Amino acid sequence: MQTSATVMPSPPKPRLKPVQSLLLVAAFSAALLSGAGAAEETLALNDPEPPEQVVERLEQTLIDNMRLAPELDYAARYQRLRPLIGDIMAVERMARFVFGRDWRQFDPDLRQAFGEAFLDLSAATFANQFDDYNGEFFSAVEVQRQAEDRALVRRMLTSGKGRKIAFDYLMTPDDGQWRIVTIITDGVSDLALKRSQYRRILEQEDFAAVVEHVREQTARQAAN
């Protein structure tokens with residue numbers, strides 16, 4: 001498993017103290033899950049899969065991919081991940097956080113293209129970074145139901161060498177089930193980093209250029 005990834009941004013940041021990390025998560029949660037369009041969400045959760053089980057499905061697939069590394073190349077790992085990523089990621093909420101009010105002004109076909117490209121990139125990043133097993137495992141820390149429409153699932157990844165890496169999953173109900181909005185890794189949110197990148201491209205060029213940039217990022221993951 002590589003440790004400088006989109007889910008573990010590079011260069012690595014200093015480990016935050018627990019209180020600092022929780023404050024960061026709380027602030028980011030408020031900004032992300034109360035952003036543009038949040039009030040329009042309707043909760044229609046009829047006996048849904050608990051948020052922690054959604055997270056466990058992702059983590060188990062990552063561990064399985066690493067265990068099967070001798071048999072699975074990048075393309076095979078990606079194919080195992082992509083349907084799952086499409087099922088558990090709240091890509092519409094992610095996009096509204098990144099682009100704010102501009103999101104609804106974009107061409108619907110381009111919005112669809114961005115969503116698919118973003119999910120492709122997420123699967124590609126996981127496939128590229130979780131590529132070798134050395135005894136890694138995920139363990140539960142806690143689950144916080146912060147409000148009716150949000151949850152924080154806190155997990156810990158322990159590497160084969162004993163390094164502890166905090167994974168905080170911010171989640172919200174979306175289309176009848178709990179989905180992941182962002183993953184904060186050791187206090188660093190990849191979605192916040194992407195927000196800065198994508199909005200800069202949008203300001204300098206246009207939304208079509210953002211979509212192309214995301215596709216290029218996916219291609220680079222495949223080439224690594």
# chains A, B, ... in the order shown; residues from 1 in each chain; ligands from 1
$ residues_around --residues "A:Thr158" --least-positions-apart "2" --cutoff "6 Å" --atoms "only C-alpha atoms" --output "short mmCIF file (atom, residue, chain, number, x, y, z; two decimals) with C-alpha atoms, in the first residue's frame"
data_model
loop_
_atom_site.label_atom_id
_atom_site.label_comp_id
_atom_site.auth_asym_id
_atom_site.auth_seq_id
_atom_site.Cartn_x
_atom_site.Cartn_y
_atom_site.Cartn_z
CA GLU A 136 -2.77 -3.71 6.84
CA PHE A 137 -6.13 -3.61 8.59
CA GLY A 162 2.34 -0.32 12.69
CA ARG A 163 1.74 3.22 11.42
CA LYS A 164 -1.68 4.55 12.47
#
$ residues_around --residues "A:Val98" --least-positions-apart "5" --cutoff "8 Å" --atoms "only C-alpha atoms" --output "PDB file with N, CA and C atoms, in the first residue's frame"
ATOM      1  N   LEU A 191     -11.152  16.266  -0.793  1.00  0.00           N
ATOM      2  CA  LEU A 191     -12.178  17.029  -1.501  1.00  0.00           C
ATOM      3  C   LEU A 191     -11.936  18.523  -1.374  1.00  0.00           C
ATOM      4  N   ALA A 192     -11.462  18.974  -0.212  1.00  0.00           N
ATOM      5  CA  ALA A 192     -11.142  20.394  -0.049  1.00  0.00           C
ATOM      6  C   ALA A 192      -9.994  20.798  -0.966  1.00  0.00           C
ATOM      7  N   LYS A 194      -9.251  19.343  -3.840  1.00  0.00           N
ATOM      8  CA  LYS A 194      -9.795  19.345  -5.202  1.00  0.00           C
ATOM      9  C   LYS A 194     -10.650  20.583  -5.450  1.00  0.00           C
ATOM     10  N   ARG A 195     -11.346  21.017  -4.423  1.00  0.00           N
ATOM     11  CA  ARG A 195     -12.177  22.217  -4.570  1.00  0.00           C
ATOM     12  C   ARG A 195     -11.333  23.397  -5.032  1.00  0.00           C
ATOM     13  N   TYR A 198     -10.164  22.708  -8.761  1.00  0.00           N
ATOM     14  CA  TYR A 198     -11.223  22.775  -9.771  1.00  0.00           C
ATOM     15  C   TYR A 198     -11.775  24.189  -9.921  1.00  0.00           C
ATOM     16  N   ARG A 199     -11.895  24.909  -8.826  1.00  0.00           N
ATOM     17  CA  ARG A 199     -12.405  26.273  -8.946  1.00  0.00           C
ATOM     18  C   ARG A 199     -11.395  27.185  -9.636  1.00  0.00           C
TER      19      ARG A 199
END
$ residues_around --residues "A:Ala209" --least-positions-apart "2" --cutoff "12 Å" --atoms "only C-alpha atoms" --output "ChimeraX atom specification"
/A:110,113-114,197-207,211-216
$ closest_residue --among "A:Arg220, A:Arg93, A:Arg104, A:Arg145" --to "A:Arg179" --atoms "only C-alpha atoms"
A:Arg93
$ select_by_dssp --residues "stretch 37-174 of chain A" --states "strand (DSSP E or B)" --output "ChimeraX atom specification"
/A:89,137-147,150-158,164-174
